[in-house]
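See structure below.
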Amino acid sequence: MELRHLRYFVVTAEAQHFTRAAELLGMAQPPLSQQIRQLEQEVGTPLFDRTGRGVMLNDAGRAFLACAQDILHRAQAAVQTAQRAARGEVGELTLGFTESASFNGVVTALIRQYRQQYPDVEMTLSQGDSETLVARLREGAIDAAFVRPPFALDGGLTFTQLAEEPLVVALPLGHALARRKRLTPADLTQERFILYSRKSGYGLSADIMAACRQHGLNPLIGQRAPQLSSAVNLVAAGMGVAVVPESLRHLRPDGVVYRPFALDWPRAVLGLAVRQDRLEGKVENLLRLTRKA
């Protein structure tokens, strides 16, 4: 049984006349009559009572009409749902983000805008460090990720930069350097650094250490933290100082103050990584909003 046969039947039932129904369907009356007869043969019973002036549904036809209308409605709904999915208006988006990305106003505004524009897309958030998120993105476990470079762009990944933040120094409250408005590498000669280095050895911490050495400071490493917020919390505990992206000023544990760090390089870059071979509608929409941010 084909959907077109159901449509022919519904239009004929509503018009109660073969000729009028044929006109509405844009076809000749004899082929329509033939299609209806084939449908009745397939159902196994007449659906219409033929009269000299038209046709009328019999009991079987009236019962069949409700089902046929429901089937056509569901088929149309299925088509519309598929089209909406292709446009990225429905479905599920698994979005990875580094912990520090959650403190960046551009990222939070972008997520809010996406949810407002695509309320029927279920967004699942997955937190992790940049290296782990990039690996999961390559595996196809997540659709996109807000991460911090460096990482290899091989494997079909693309990266769209969202923000390039200056650095600040997180200091324990009451620290002598907190009286200064701006700090230089030379100011931190006697300080113990709290790092949040990556497993690979690359990343923002490594760049900060390299920049300090370029300015004649060989940083004293006091502690290593698994992530940026942990580094700031260790600062609050008096374990040392930490150089972090400016957006982490929003993280304000008791006992921590922030001061600008006088380095032109490095900057804390943050952006969206996606796979080129998975630029489906929902990911394309997120990428489009990212490029406008």
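Starting from 1 in every chain, residues are counted up; chains themselves are A, B, ... following the order of the structure tokens, and ligands are numbered from 1 as listed.
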
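Residues in contact with A:Arg84 at up to 12 Å, not including ones fewer than 6 positions away on its chain and judged by only C-alpha atoms, are A:Ala77, A:Ala78, A:Val90, A:Gly91, A:Tyr118, A:Asp120, A:Val121, A:Glu280, A:Gly281, A:Lys282.
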
Query raised in the report: Got a sec to tell me which of stretch 21-224 of chain A DSSP assigns to strand (DSSP E or B), as number ranges by chain?
Result: A: 48-51, 54-57, 91-97, 121-127, 144-147, 157-165, 167-172, 183, 192-195, 220-224

With N, CA and C atoms retained, write the just-selected residues as a compact mmCIF listing (two decimals), in the first residue's frame.
# COMPACT_ATOMS: atom_id res chain seq x y z
N PHE A 48 -16.26 2.79 -0.67
CA PHE A 48 -17.25 3.78 -1.09
C PHE A 48 -18.52 3.09 -1.56
N ASP A 49 -19.63 3.79 -1.40
CA ASP A 49 -20.87 3.43 -2.07
C ASP A 49 -20.98 4.35 -3.27
N ARG A 50 -20.97 3.79 -4.46
CA ARG A 50 -21.07 4.59 -5.69
C ARG A 50 -22.52 4.98 -5.91
N THR A 51 -22.75 6.23 -6.16
CA THR A 51 -24.07 6.73 -6.51
C THR A 51 -24.00 7.40 -7.86
N GLY A 54 -22.20 10.79 -7.33
CA GLY A 54 -20.90 10.86 -6.67
C GLY A 54 -20.62 9.60 -5.90
N VAL A 55 -19.83 9.73 -4.82
CA VAL A 55 -19.49 8.59 -3.99
C VAL A 55 -19.66 8.99 -2.53
N MET A 56 -19.96 8.01 -1.70
CA MET A 56 -20.10 8.23 -0.27
C MET A 56 -19.35 7.11 0.46
N LEU A 57 -18.73 7.47 1.56
CA LEU A 57 -18.04 6.46 2.36
C LEU A 57 -19.05 5.51 2.99
N GLY A 91 17.51 17.30 17.62
CA GLY A 91 18.57 16.30 17.80
C GLY A 91 19.32 16.53 19.09
N GLU A 92 20.52 16.02 19.16
CA GLU A 92 21.36 16.13 20.35
C GLU A 92 22.75 16.61 19.97
N LEU A 93 23.25 17.56 20.72
CA LEU A 93 24.59 18.11 20.52
C LEU A 93 25.41 17.84 21.77
N THR A 94 26.48 17.07 21.62
CA THR A 94 27.38 16.79 22.74
C THR A 94 28.56 17.75 22.65
N LEU A 95 28.63 18.65 23.59
CA LEU A 95 29.60 19.74 23.54
C LEU A 95 30.60 19.63 24.68
N GLY A 96 31.87 19.51 24.33
CA GLY A 96 32.93 19.47 25.33
C GLY A 96 33.42 20.87 25.64
N PHE A 97 33.94 21.05 26.84
CA PHE A 97 34.50 22.36 27.20
C PHE A 97 35.53 22.18 28.31
N VAL A 121 17.08 21.36 20.31
CA VAL A 121 18.32 20.58 20.30
C VAL A 121 18.74 20.33 21.74
N GLU A 122 18.82 19.08 22.11
CA GLU A 122 19.24 18.74 23.48
C GLU A 122 20.76 18.81 23.57
N MET A 123 21.23 19.72 24.41
CA MET A 123 22.67 19.93 24.54
C MET A 123 23.19 19.17 25.75
N THR A 124 24.18 18.31 25.51
CA THR A 124 24.84 17.57 26.59
C THR A 124 26.26 18.10 26.72
N LEU A 125 26.62 18.55 27.92
CA LEU A 125 27.93 19.15 28.15
C LEU A 125 28.87 18.12 28.78
N SER A 126 30.11 18.15 28.32
CA SER A 126 31.12 17.22 28.81
C SER A 126 32.40 18.00 29.11
N GLN A 127 32.82 18.00 30.37
CA GLN A 127 34.00 18.76 30.77
C GLN A 127 35.24 17.89 30.77
N ALA A 144 31.67 18.69 19.29
CA ALA A 144 32.48 19.90 19.22
C ALA A 144 33.03 20.16 20.61
N ALA A 145 34.05 21.05 20.70
CA ALA A 145 34.65 21.30 22.01
C ALA A 145 35.27 22.69 22.06
N PHE A 146 35.03 23.37 23.18
CA PHE A 146 35.72 24.63 23.47
C PHE A 146 37.03 24.26 24.16
N VAL A 147 38.14 24.51 23.49
CA VAL A 147 39.44 24.06 23.98
C VAL A 147 40.48 25.16 23.80
N LEU A 157 40.50 18.03 11.88
CA LEU A 157 39.96 18.99 12.82
C LEU A 157 40.13 20.42 12.31
N THR A 158 39.18 21.27 12.66
CA THR A 158 39.30 22.70 12.40
C THR A 158 39.11 23.44 13.71
N PHE A 159 39.73 24.61 13.83
CA PHE A 159 39.68 25.38 15.06
C PHE A 159 39.31 26.81 14.74
N THR A 160 38.26 27.32 15.39
CA THR A 160 37.82 28.70 15.22
C THR A 160 38.08 29.45 16.52
N GLN A 161 38.93 30.46 16.46
CA GLN A 161 39.30 31.18 17.67
C GLN A 161 38.16 32.08 18.13
N LEU A 162 37.92 32.06 19.44
CA LEU A 162 36.88 32.88 20.04
C LEU A 162 37.45 34.04 20.86
N ALA A 163 38.51 33.77 21.58
CA ALA A 163 39.05 34.78 22.49
C ALA A 163 40.55 34.62 22.60
N GLU A 164 41.21 35.73 22.86
CA GLU A 164 42.65 35.74 23.13
C GLU A 164 42.85 36.62 24.35
N GLU A 165 42.97 35.99 25.51
CA GLU A 165 42.97 36.71 26.77
C GLU A 165 44.37 37.04 27.25
N LEU A 167 47.03 37.61 30.44
CA LEU A 167 47.25 36.79 31.63
C LEU A 167 47.23 37.65 32.89
N VAL A 168 46.85 37.03 33.99
CA VAL A 168 46.89 37.70 35.28
C VAL A 168 47.59 36.77 36.26
N VAL A 169 48.11 37.35 37.33
CA VAL A 169 48.76 36.58 38.38
C VAL A 169 47.79 36.46 39.56
N ALA A 170 47.51 35.23 39.96
CA ALA A 170 46.70 34.99 41.15
C ALA A 170 47.63 34.94 42.36
N LEU A 171 47.35 35.80 43.34
CA LEU A 171 48.19 35.93 44.53
C LEU A 171 47.39 35.65 45.78
N PRO A 172 48.05 35.13 46.82
CA PRO A 172 47.35 34.99 48.11
C PRO A 172 47.00 36.38 48.65
N LEU A 183 52.25 43.35 37.50
CA LEU A 183 53.43 42.58 37.85
C LEU A 183 54.21 42.19 36.60
N ARG A 192 57.00 30.83 44.29
CA ARG A 192 56.81 29.46 43.82
C ARG A 192 55.56 29.41 42.93
N PHE A 193 55.75 28.87 41.75
CA PHE A 193 54.66 28.81 40.77
C PHE A 193 53.83 27.53 40.94
N ILE A 194 52.56 27.68 40.79
CA ILE A 194 51.65 26.54 40.72
C ILE A 194 51.28 26.34 39.25
N LEU A 195 51.64 25.19 38.71
CA LEU A 195 51.43 24.93 37.29
C LEU A 195 50.23 24.02 37.08
N LEU A 220 60.42 29.02 39.96
CA LEU A 220 60.48 27.96 40.96
C LEU A 220 59.13 27.24 40.96
N ILE A 221 59.15 25.96 40.70
CA ILE A 221 57.91 25.20 40.62
C ILE A 221 57.57 24.67 42.01
N GLY A 222 56.41 25.09 42.54
CA GLY A 222 56.01 24.65 43.87
C GLY A 222 55.05 23.48 43.84
N GLN A 223 54.01 23.58 43.04
CA GLN A 223 52.99 22.54 42.97
C GLN A 223 52.51 22.40 41.52
N ARG A 224 51.91 21.26 41.24
CA ARG A 224 51.26 21.03 39.95
C ARG A 224 49.80 20.71 40.21

Query - Within 12 Å of A:Gly156 using only C-alpha atoms, minus same-chain residues under 6 positions, as a PyMOL selection string - result: chain A and resi 134+137-140+273-279

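Of the residues under consideration (A:Arg87, A:Arg4, A:Arg179, A:Arg20), A:Arg87 shows the shortest atom-to-atom contact distance to A:Glu284 when counting only C-alpha atoms.
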
Requested in this report: Please report, as an NGL selection string, each residue of stretch 124-249 of chain A to which DSSP assigns helix (DSSP H, G or I) when run on this structure's backbone.
Outcome: :A and (130-139 or 176-179 or 185-188 or 204-214 or 228-236 or 246-249)

Just write the chosen residues, C-alpha atoms, as a compact mmCIF listing (two decimals), in the first residue's frame.
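Contents of selection16.txt, freshly written:
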# COMPACT_ATOMS: atom_id res chain seq x y z
CA SER A 130 41.88 20.22 26.16
CA GLU A 131 44.00 17.19 25.28
CA THR A 132 41.32 14.76 26.40
CA LEU A 133 38.56 16.67 24.63
CA VAL A 134 40.48 16.79 21.36
CA ALA A 135 41.06 13.04 21.58
CA ARG A 136 37.35 12.44 22.22
CA LEU A 137 36.49 14.72 19.31
CA ARG A 138 38.71 12.69 16.99
CA GLU A 139 37.05 9.50 18.21
CA ALA A 176 53.25 41.94 49.41
CA LEU A 177 52.94 42.00 45.61
CA ALA A 178 49.18 42.53 45.87
CA ARG A 179 49.90 46.22 46.55
CA PRO A 185 58.38 38.38 35.55
CA ALA A 186 61.12 40.02 37.60
CA ASP A 187 58.61 40.63 40.41
CA LEU A 188 58.07 36.87 40.74
CA LEU A 204 49.80 27.58 28.23
CA SER A 205 51.86 26.74 31.33
CA ALA A 206 54.79 25.66 29.18
CA ASP A 207 54.56 28.90 27.17
CA ILE A 208 54.41 30.97 30.35
CA MET A 209 57.53 29.25 31.70
CA ALA A 210 59.30 29.85 28.39
CA ALA A 211 58.31 33.53 28.38
CA CYS A 212 59.52 33.99 31.95
CA ARG A 213 62.89 32.45 31.06
CA GLN A 214 63.14 34.81 28.10
CA LEU A 228 43.15 26.01 36.37
CA SER A 229 40.58 26.25 39.17
CA SER A 230 42.68 23.85 41.26
CA ALA A 231 45.68 26.10 40.75
CA VAL A 232 43.72 29.11 41.98
CA ASN A 233 42.47 27.19 45.01
CA LEU A 234 46.04 26.22 45.85
CA VAL A 235 46.93 29.92 45.68
CA ALA A 236 44.15 30.57 48.22
CA GLU A 246 42.11 36.91 32.68
CA SER A 247 38.62 35.35 32.56
CA LEU A 248 39.45 33.41 35.72
CA ARG A 249 39.01 36.65 37.62

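Atom pair atom CA of A:Leu272 / atom CA of A:Ala101 has a distance of 10.3 Å (rounded to one decimal).
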
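Between atom CA of A:Pro149 and atom CA of A:Asp129 lies a distance of 10.9 Å.
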
Query raised in the report: Looking at only C-alpha atoms, which of A:Thr98, A:Phe151, A:Pro266, A:Met27 is the one that sits closest to A:Gln227?
Result: A:Thr98
